[in-house]
Each structure stands twice: as C-alpha cells, then as structure tokens.
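Structure file query_17.cif (mmCIF, C-alpha atoms and all ligand atoms) is printed below.
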data_input
loop_
_atom_site.label_atom_id
_atom_site.label_comp_id
_atom_site.auth_asym_id
_atom_site.auth_seq_id
_atom_site.Cartn_x
_atom_site.Cartn_y
_atom_site.Cartn_z
CA MET V 290 0.00 0.00 0.00
CA ILE V 291 1.08 3.57 -0.64
CA GLU V 292 -0.04 5.94 2.10
CA ILE V 293 -0.09 9.65 1.42
CA LYS V 294 -0.51 11.45 4.73
CA SER V 295 -1.26 15.17 5.00
CA VAL V 296 1.12 15.89 2.15
CA SER V 297 1.84 19.41 0.99
CA TYR V 298 4.41 20.36 -1.60
CA VAL V 299 5.76 23.84 -2.18
CA TYR V 300 8.03 24.81 -5.10
CA GLN V 301 10.74 27.35 -4.30
CA PRO V 302 9.59 27.95 -0.75
CA GLY V 303 10.56 31.24 0.85
CA THR V 304 11.14 32.99 -2.49
CA SER V 305 8.94 35.40 -4.41
CA GLN V 306 8.19 32.51 -6.78
CA GLU V 307 6.88 30.26 -4.03
CA LYS V 308 4.12 28.04 -5.35
CA VAL V 309 2.02 25.66 -3.30
CA ALA V 310 1.43 22.76 -5.69
CA LEU V 311 -0.22 20.34 -3.23
CA ARG V 312 -2.15 21.09 -0.09
CA ASN V 313 -2.91 18.55 2.64
CA VAL V 314 -3.35 15.55 0.37
CA ASN V 315 -4.44 12.29 1.98
CA LEU V 316 -4.87 9.05 0.06
CA GLU V 317 -4.35 5.33 0.47
CA ILE V 318 -3.55 3.27 -2.59
CA PRO V 319 -3.89 -0.45 -1.80
CA SER V 320 -2.10 -3.14 -3.79
CA PRO V 321 -3.16 -4.36 -6.25
CA SER V 322 -5.50 -1.65 -7.45
CA PHE V 323 -6.10 0.60 -10.44
CA PHE V 324 -6.36 4.30 -9.63
CA CYS V 325 -6.80 7.12 -12.11
CA ILE V 326 -5.82 10.66 -11.26
CA VAL V 327 -7.59 13.44 -13.15
CA GLY V 328 -7.55 17.21 -12.88
CA ALA V 329 -7.13 20.39 -14.87
CA ASN V 330 -3.71 21.75 -15.95
CA GLY V 331 -1.67 22.84 -12.98
CA SER V 332 -3.82 21.01 -10.43
CA GLY V 333 -0.79 19.15 -9.03
CA LYS V 334 -0.97 15.75 -10.71
CA SER V 335 2.64 15.53 -11.89
CA THR V 336 3.91 16.82 -8.57
CA PHE V 337 1.89 14.08 -6.90
CA ALA V 338 3.36 11.44 -9.25
CA ARG V 339 6.91 12.50 -8.42
CA LEU V 340 6.19 12.22 -4.72
CA LEU V 341 5.17 8.58 -5.03
CA ASN V 342 8.65 7.23 -5.81
CA GLY V 343 10.62 9.72 -3.78
CA LEU V 344 11.77 11.82 -6.75
CA TYR V 345 10.34 14.65 -4.63
CA THR V 346 9.82 14.47 -0.89
CA PRO V 347 6.91 16.30 0.75
CA THR V 348 7.41 19.80 2.13
CA SER V 349 5.21 18.57 4.95
CA GLY V 350 3.50 15.24 5.57
CA ASP V 351 4.66 11.76 4.58
CA VAL V 352 4.53 9.34 1.69
CA ILE V 353 4.93 5.76 2.85
CA VAL V 354 5.43 2.89 0.41
CA ASP V 355 4.91 -0.54 1.98
CA GLY V 356 5.99 0.84 5.32
CA ILE V 357 9.01 2.80 4.01
CA ASN V 358 8.95 6.58 4.21
CA THR V 359 10.20 8.23 0.98
CA LYS V 360 12.24 10.55 3.22
CA ASP V 361 14.35 7.58 4.34
CA GLU V 362 17.40 8.14 2.12
CA GLU V 363 18.94 4.79 2.96
CA LYS V 364 15.96 2.94 1.53
CA ILE V 365 15.28 5.14 -1.47
CA TRP V 366 16.43 2.40 -3.88
CA GLU V 367 13.95 0.01 -2.35
CA ILE V 368 11.23 2.53 -3.18
CA ARG V 369 12.53 3.33 -6.69
CA LYS V 370 12.58 -0.38 -7.43
CA ASN V 371 9.00 -0.84 -6.29
CA VAL V 372 7.48 2.30 -7.77
CA GLY V 373 8.12 2.78 -11.50
CA LEU V 374 7.38 6.12 -13.12
CA VAL V 375 6.48 6.53 -16.82
CA PHE V 376 6.38 10.06 -18.20
CA GLN V 377 4.46 11.81 -20.93
CA ASN V 378 7.17 12.20 -23.51
CA PRO V 379 8.77 8.91 -24.57
CA ASP V 380 11.67 10.77 -26.20
CA ASN V 381 12.88 11.96 -22.82
CA GLN V 382 12.88 8.48 -21.34
CA ILE V 383 14.79 6.50 -23.95
CA ILE V 384 18.54 6.38 -23.56
CA GLY V 385 19.73 3.09 -25.05
CA MET V 386 21.18 2.65 -28.53
CA THR V 387 18.91 -0.33 -29.08
CA VAL V 388 15.56 -1.27 -27.64
CA GLU V 389 17.02 -4.09 -25.56
CA GLU V 390 19.77 -1.87 -24.19
CA ASP V 391 17.19 0.65 -23.20
CA VAL V 392 14.97 -1.88 -21.46
CA ALA V 393 17.99 -3.33 -19.65
CA PHE V 394 19.11 0.01 -18.25
CA GLY V 395 17.01 0.06 -15.08
CA CYS V 396 17.82 -3.59 -14.32
CA GLU V 397 21.53 -2.94 -14.71
CA ASN V 398 21.23 -0.17 -12.16
CA LEU V 399 19.67 -2.68 -9.82
CA GLY V 400 22.83 -4.77 -10.21
CA LEU V 401 21.03 -7.89 -11.42
CA PRO V 402 22.95 -10.81 -12.96
CA PRO V 403 23.01 -10.88 -16.81
CA GLU V 404 20.88 -14.06 -17.11
CA GLU V 405 18.19 -12.52 -14.99
CA ILE V 406 18.30 -9.27 -17.00
CA GLU V 407 17.98 -11.33 -20.18
CA GLU V 408 14.84 -13.02 -18.87
CA ARG V 409 13.36 -9.74 -17.76
CA ILE V 410 13.98 -8.04 -21.12
CA GLU V 411 12.18 -10.88 -22.82
CA PHE V 412 9.26 -10.75 -20.42
CA ALA V 413 8.94 -6.96 -20.57
CA LEU V 414 9.12 -6.69 -24.37
CA ARG V 415 6.57 -9.48 -24.71
CA ALA V 416 4.24 -7.74 -22.26
CA VAL V 417 4.17 -4.61 -24.42
CA GLY V 418 4.19 -6.45 -27.75
CA MET V 419 7.62 -5.17 -28.84
CA GLU V 420 9.67 -8.38 -28.87
CA GLU V 421 10.32 -8.14 -32.61
CA TYR V 422 11.99 -4.76 -32.17
CA ARG V 423 14.62 -5.89 -29.72
CA LYS V 424 17.62 -4.98 -31.87
CA TYR V 425 16.09 -1.79 -33.29
CA PRO V 426 17.51 1.64 -32.59
CA PRO V 427 14.75 3.48 -30.69
CA TYR V 428 14.86 6.54 -32.97
CA LEU V 429 13.32 4.45 -35.76
CA LEU V 430 10.22 3.75 -33.68
CA SER V 431 6.92 5.63 -33.65
CA GLY V 432 5.88 7.62 -30.58
CA GLY V 433 3.55 4.86 -29.46
CA GLN V 434 6.24 2.21 -29.88
CA LYS V 435 8.71 4.33 -27.93
CA GLN V 436 6.22 4.70 -25.13
CA ARG V 437 5.80 0.90 -25.10
CA VAL V 438 9.58 0.53 -24.81
CA ALA V 439 9.61 3.06 -21.95
CA ILE V 440 6.93 1.01 -20.17
CA ALA V 441 8.95 -2.17 -20.82
CA GLY V 442 12.00 -0.53 -19.21
CA ILE V 443 9.95 0.09 -16.08
CA LEU V 444 8.35 -3.36 -16.18
CA ALA V 445 11.72 -5.06 -16.40
CA MET V 446 12.50 -3.67 -12.96
CA MET V 447 9.45 -5.64 -11.75
CA PRO V 448 7.92 -2.82 -9.74
CA LYS V 449 4.82 -3.48 -7.70
CA TYR V 450 3.47 0.00 -8.47
CA ILE V 451 3.49 1.68 -11.86
CA VAL V 452 2.76 5.39 -12.04
CA LEU V 453 2.06 6.73 -15.51
CA ASP V 454 1.91 10.50 -15.97
CA GLU V 455 -0.23 11.16 -19.05
CA PRO V 456 1.49 8.41 -21.02
CA THR V 457 -0.82 8.73 -24.04
CA THR V 458 -0.81 12.49 -24.53
CA MET V 459 1.75 12.50 -27.32
CA LEU V 460 0.17 9.55 -29.14
CA ASP V 461 -2.38 9.12 -31.92
CA PRO V 462 -5.69 7.32 -31.17
CA LYS V 463 -4.30 3.90 -32.14
CA GLY V 464 -1.17 4.42 -30.02
CA ARG V 465 -3.36 5.53 -27.12
CA LYS V 466 -5.55 2.47 -27.36
CA ASP V 467 -2.53 0.15 -27.42
CA ILE V 468 -1.06 1.73 -24.30
CA ILE V 469 -4.36 1.57 -22.41
CA LYS V 470 -4.71 -2.09 -23.37
CA ILE V 471 -1.23 -2.79 -21.99
CA ILE V 472 -2.00 -0.90 -18.79
CA ARG V 473 -5.20 -2.89 -18.27
CA LYS V 474 -3.33 -6.12 -18.84
CA LEU V 475 -0.67 -5.18 -16.30
CA TYR V 476 -3.40 -4.68 -13.75
CA GLU V 477 -5.65 -7.60 -14.64
CA GLU V 478 -3.03 -10.26 -15.43
CA GLU V 479 0.20 -9.14 -13.78
CA LYS V 480 -1.61 -7.78 -10.68
CA LYS V 481 0.38 -4.57 -10.76
CA THR V 482 -0.93 -1.55 -8.94
CA ILE V 483 -1.59 1.10 -11.55
CA ILE V 484 -1.74 4.82 -10.93
CA LEU V 485 -2.67 6.43 -14.22
CA ILE V 486 -2.73 10.19 -14.60
CA THR V 487 -4.77 11.22 -17.59
CA HIS V 488 -6.61 14.05 -19.27
CA HIS V 489 -8.70 11.69 -21.35
CA MET V 490 -11.81 10.82 -19.42
CA GLU V 491 -12.52 7.82 -21.65
CA GLU V 492 -9.32 6.29 -20.23
CA VAL V 493 -10.57 6.30 -16.64
CA VAL V 494 -13.48 3.95 -17.23
CA TRP V 495 -11.34 0.88 -16.46
CA ALA V 496 -10.13 2.19 -13.12
CA GLU V 497 -11.43 0.99 -9.78
CA LYS V 498 -11.12 4.47 -8.32
CA VAL V 499 -10.86 7.93 -9.80
CA VAL V 500 -9.18 10.69 -7.80
CA VAL V 501 -9.94 14.28 -8.77
CA PHE V 502 -7.34 16.98 -8.16
CA PHE V 503 -8.29 20.63 -8.21
CA ASN V 504 -5.98 23.45 -7.29
CA GLY V 505 -3.56 21.21 -5.39
CA GLU V 506 -6.21 19.38 -3.39
CA ILE V 507 -8.08 16.11 -3.73
CA VAL V 508 -11.69 17.17 -4.18
CA ASP V 509 -13.28 13.82 -4.95
CA LEU V 510 -12.64 10.09 -4.94
CA GLY V 511 -15.03 7.51 -6.32
CA THR V 512 -15.69 4.87 -8.92
CA PRO V 513 -15.83 6.13 -12.53
CA LYS V 514 -19.64 5.89 -12.42
CA GLU V 515 -19.86 7.89 -9.20
CA ILE V 516 -17.62 10.58 -10.63
CA PHE V 517 -19.41 10.76 -13.97
CA LEU V 518 -22.75 11.37 -12.26
CA LYS V 519 -21.41 14.67 -10.93
CA GLU V 520 -21.50 16.43 -14.25
CA GLU V 521 -21.79 19.97 -12.92
CA ARG V 522 -18.88 19.55 -10.57
CA LEU V 523 -16.80 18.04 -13.36
CA ASP V 524 -17.36 21.27 -15.23
CA GLU V 525 -16.10 23.30 -12.26
CA TRP V 526 -13.04 21.07 -12.05
CA GLY V 527 -12.29 21.59 -15.73
CA LEU V 528 -13.14 18.03 -16.75
CA ASN V 529 -15.41 16.52 -19.40
CA LEU V 530 -17.61 13.47 -19.52
CA PRO V 531 -16.45 10.80 -21.95
CA ILE V 532 -18.48 10.78 -25.14
CA THR V 533 -20.13 7.43 -24.31
CA THR V 534 -21.42 8.83 -21.03
CA LYS V 535 -22.63 12.03 -22.72
CA ILE V 536 -24.67 9.92 -25.13
CA SER V 537 -26.16 7.73 -22.38
CA LYS V 538 -27.10 10.91 -20.51
CA CYS V 539 -28.77 12.58 -23.51
CA LEU V 540 -30.73 9.45 -24.36
CA SER V 541 -31.90 8.72 -20.83
CA GLU V 542 -32.99 12.37 -20.41
CA ARG V 543 -35.03 12.04 -23.57
CA GLY V 544 -36.90 9.09 -22.11
CA PHE V 545 -35.03 6.22 -23.75
CA ASP V 546 -34.74 3.06 -21.70
CA ILE V 547 -30.96 3.15 -21.29
CA PRO V 548 -28.90 3.13 -18.10
CA HIS V 549 -26.79 6.18 -17.25
CA PRO V 550 -23.85 6.47 -16.90
CA LEU V 551 -22.65 3.95 -19.45
CA LEU V 552 -18.88 3.74 -19.53
CA THR V 553 -17.60 2.00 -22.62
CA PRO V 554 -18.48 2.24 -26.32
CA GLU V 555 -19.09 -1.54 -26.23
CA GLU V 556 -21.75 -1.18 -23.50
CA LEU V 557 -23.36 1.68 -25.40
CA ALA V 558 -23.40 -0.29 -28.65
CA LEU V 559 -25.07 -3.18 -26.88
CA TRP V 560 -27.88 -0.95 -25.59
CA LEU V 561 -28.36 0.85 -28.87
N1 LIG B 601 9.46 23.38 -11.10
C1 LIG B 601 8.43 24.17 -10.72
N2 LIG B 601 8.66 25.36 -10.13
C2 LIG B 601 7.63 26.15 -9.72
N3 LIG B 601 6.34 25.83 -9.86
C3 LIG B 601 6.06 24.65 -10.45
C4 LIG B 601 7.09 23.74 -10.91
N4 LIG B 601 6.51 22.67 -11.45
C5 LIG B 601 5.18 22.86 -11.34
N5 LIG B 601 4.90 24.04 -10.74
C6 LIG B 601 3.57 24.60 -10.42
O1 LIG B 601 2.92 23.69 -9.54
C7 LIG B 601 1.55 23.55 -9.88
C8 LIG B 601 1.24 22.07 -10.12
O2 LIG B 601 1.96 21.64 -11.26
P1 LIG B 601 1.88 20.17 -11.83
O3 LIG B 601 2.86 20.06 -12.93
O4 LIG B 601 2.00 19.22 -10.69
O5 LIG B 601 0.38 20.13 -12.39
P2 LIG B 601 -0.34 19.07 -13.37
O6 LIG B 601 -1.66 18.80 -12.78
O7 LIG B 601 0.57 17.95 -13.64
O8 LIG B 601 -0.55 19.93 -14.69
P3 LIG B 601 -0.62 19.42 -16.24
O9 LIG B 601 -1.98 18.87 -16.44
O10 LIG B 601 -0.42 20.68 -17.01
O11 LIG B 601 0.47 18.42 -16.45
C9 LIG B 601 1.32 24.43 -11.10
O12 LIG B 601 0.78 25.64 -10.67
C10 LIG B 601 2.70 24.64 -11.67
O13 LIG B 601 2.80 25.88 -12.29
MG MG B 602 1.40 17.12 -15.37
#

This entry written out as structure tokens:
Amino acid sequence: MIEIKSVSYVYQPGTSQEKVALRNVNLEIPSPSFFCIVGANGSGKSTFARLLNGLYTPTSGDVIVDGINTKDEEKIWEIRKNVGLVFQNPDNQIIGMTVEEDVAFGCENLGLPPEEIEERIEFALRAVGMEEYRKYPPYLLSGGQKQRVAIAGILAMMPKYIVLDEPTTMLDPKGRKDIIKIIRKLYEEEKKTIILITHHMEEVVWAEKVVVFFNGEIVDLGTPKEIFLKEERLDEWGLNLPITTKISKCLSERGFDIPHPLLTPEELALWL
C-alpha cells in the first residue's frame, strides 16, 4: 500500500516565486488496485506522481510505500525499485542505442545478474508487444512504440506499483488504445498496482477508483460511475464526460430506456 498522509508540496519555498502545488493531500492506494488521477492543468498531478517514488519528498507530511517513508534516504532504492514512473514524452525516457539496451538500463542499475536481465527483457518486451523490435535503434520507432519501450524498461525492474503520468498524450488514437490495453493487462493479469494520470476521461473507465485533483487538493474520490454522475462539478473542475457517457445521458434524459452512466463504447453499442 502507498499511504499519502497530510502531504503538501511547495516549489521554491521562501522565495517570491513560491508556489504551493499540493495542499494537505491524503490518500491510500492499496495493492493491487487501479487508480486514475484526473484534474485540470496545474492542479498538481505531476507533482503528486513524483512524490510517489521519492523523486520529490513532501514539504510537509509523509509518503509511505509498503511501510518505508520516501524521506528515508537509505531505503530510497527500495522505493525506486518498487514504484516505477512513466512520463508523458517517450523521447525523454529512452537512452539506449537499441531497444534491448534501453529496457535493460534500469535492471543494470539494480545490479542484477546478466541471465536474470535477459529473462526480464524478454518478459517486458513481450508484455508490451515489442519483442520483434529488440535490436532496433529506438529513434526508428513511432511515438507509441517508444512509449511501449519506456513502459517495458519500467516493467523489467518488476515494480509493484506503476505510475504513468499522461502516457498517451503525445500519441495518436491507435497508439493511445494500445497503451491503455497494456496498462489494463498489467493490472488484470500481472496484478500490478496502476496509478494512471490522464486528461482523457474515456481512459478512466477501467479504473477501480478515480481521484480528482483541483488546485492542489483532492476534491473527490469515487468509482468512474460515481464521478461521472457529478456532471456539474466536473465542469467546475475543468473536466469533461467521456463521449459514451454524454450519449447515455442525452438518451436517458429524452426518455429512452438506457442506463446512465454507461462507460464504454461496447456497452453503449449493446444498448443501442
Ligand atoms: N518546477 C516548478 N517550479 C515552480 N512551480 C512549479 C514547478 N513545477 C510545477 N509548478 C507549479 O505547480 C503547480 C502544479 O503543477 P503540476 O505540474 O503538478 O500540475 P499538473 O496537474 O501535472 O498539470 P498538467 O496537467 O499541465 O500536467 C502548477 O501551478 C505549476 O505551475
Ligand atoms: Mg502534469
């Protein structure tokens, strides 16, 4: 479990540019689970992500990963190993000259024996459907493929928690779908704990819990259905309903016998 206890985070404290990015945030993320974090630009999502693996430590409050405080410098590697972070831009995350070299990088830092690294590269590339590209130089890959390699690099470290900060933003619709499919599989089959930060509300429908950030605070926490029923508040928070849910709302308001909110296009198609 990751426990976030009364966490605040201030950038450049004590200067004229001081900025409170997070204010008294409390959350418990059990393992395994699938959490989505949503919120308008600047609401503190990326700051929150960086606190989860100790890249940042709270200005006040504590982040505790399986009993280890991220402020405990002696155990920071334990935390980094267990909490993998995937960023928005795959170009900034790829460092190897070949795909396999890139995927191996994190494992090498963990000091694993070569045979074990070999097994992990194979597993990770298979999990993201990139095994055929093993010997490729990453610059020849598409954005979506690069993001899959970045996820494989994290996976190879076998973290229990995977935090993804808007991993589909730079991708086209097909690339986005592929990444979401991989994320769902990691949760459903590999029993990873997923913390997915996203702007795309249609991506949150698979989550167990959706956490809404607004202005540095958590303002709501619920299942996707619970959150989608609060349409007016979503508007205040700068968020949209997914198109499927908008349609189920319009139709049910017009007297059609259709449940609202519907979450996925498949469910909607079935009812139509
Ligand atoms: N390095 C920094 N120095 C000062 N202020 C910062 C820094 N990084 C972020 N901030 C500020 O902290 C607040 C939260 O930023 P953060 O990046 O966590 O938001 P976000 O929800 O991830 O936004 P986005 O949706 O645009 O990615 C914003 O007001 C931002 O301007
Ligand atoms: Mg961000």

Task: Among listed residues V:Leu430, V:Ile406, V:Ile472, V:Val375, nearest Glu389 (chain V) (using only C-alpha atoms) - done: V:Ile406

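Summary of the local environment: counting only C-alpha atoms, residues at most 10 Å from Glu390 (chain V), other than itself and those fewer than 5 positions away along its chain, are Ile383, Ile384, Gly385, Gly395, Glu397, Ile410, Arg423, Lys424, Tyr425, Pro426, Pro427 and Gly442 of chain V.
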
Chain V near ligand LIG 601 (chain B) within 7 Å: what's each residue's closest atom pair and its distance in Å to one decimal, counting only C-alpha atoms and all ligand atoms, ordered by chain then ascending residue number, as a Markdown table?
| residue | atom | partner | partner_atom | distance |
| --- | --- | --- | --- | --- |
| V:Tyr300 | CA | B:LIG601 | C2 | 4.8 |
| V:Gln301 | CA | B:LIG601 | C2 | 6.4 |
| V:Lys308 | CA | B:LIG601 | N3 | 5.5 |
| V:Val309 | CA | B:LIG601 | O1 | 6.6 |
| V:Ala310 | CA | B:LIG601 | O1 | 4.2 |
| V:Gly328 | CA | B:LIG601 | O6 | 6.1 |
| V:Ala329 | CA | B:LIG601 | O9 | 5.6 |
| V:Asn330 | CA | B:LIG601 | O9 | 3.4 |
| V:Gly331 | CA | B:LIG601 | O5 | 3.4 |
| V:Ser332 | CA | B:LIG601 | O6 | 3.9 |
| V:Gly333 | CA | B:LIG601 | O4 | 3.2 |
| V:Lys334 | CA | B:LIG601 | O6 | 3.8 |
| V:Ser335 | CA | B:LIG601 | O7 | 3.6 |
| V:Thr336 | CA | B:LIG601 | O4 | 3.7 |
| V:Phe337 | CA | B:LIG601 | O4 | 6.4 |
| V:Gly505 | CA | B:LIG601 | C8 | 6.8 |

Around all listed atoms of region 524-533 of chain V, padded 5 Å per side, what centre and edge lengths does the axis-aligned box have in Å to one decimal, as JSON?
{"center_x": -16.2, "center_y": 15.4, "center_z": -18.6, "size_x": 17.8, "size_y": 25.9, "size_z": 23.1}

Task: Distance query Thr359 (chain V) at most 12 Å, only C-alpha atoms, self and fewer than 3 positions along chain excluded, as a VMD selection string - done: chain V and resid 291 to 294 296 339 to 348 350 to 356 362 to 369 371 to 372

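Distances to Asp524 (chain V) were evaluated for V:Leu485, V:Phe503, V:Thr387, V:Cys539 using all atoms listed in the file, and the minimum falls at V:Phe503.
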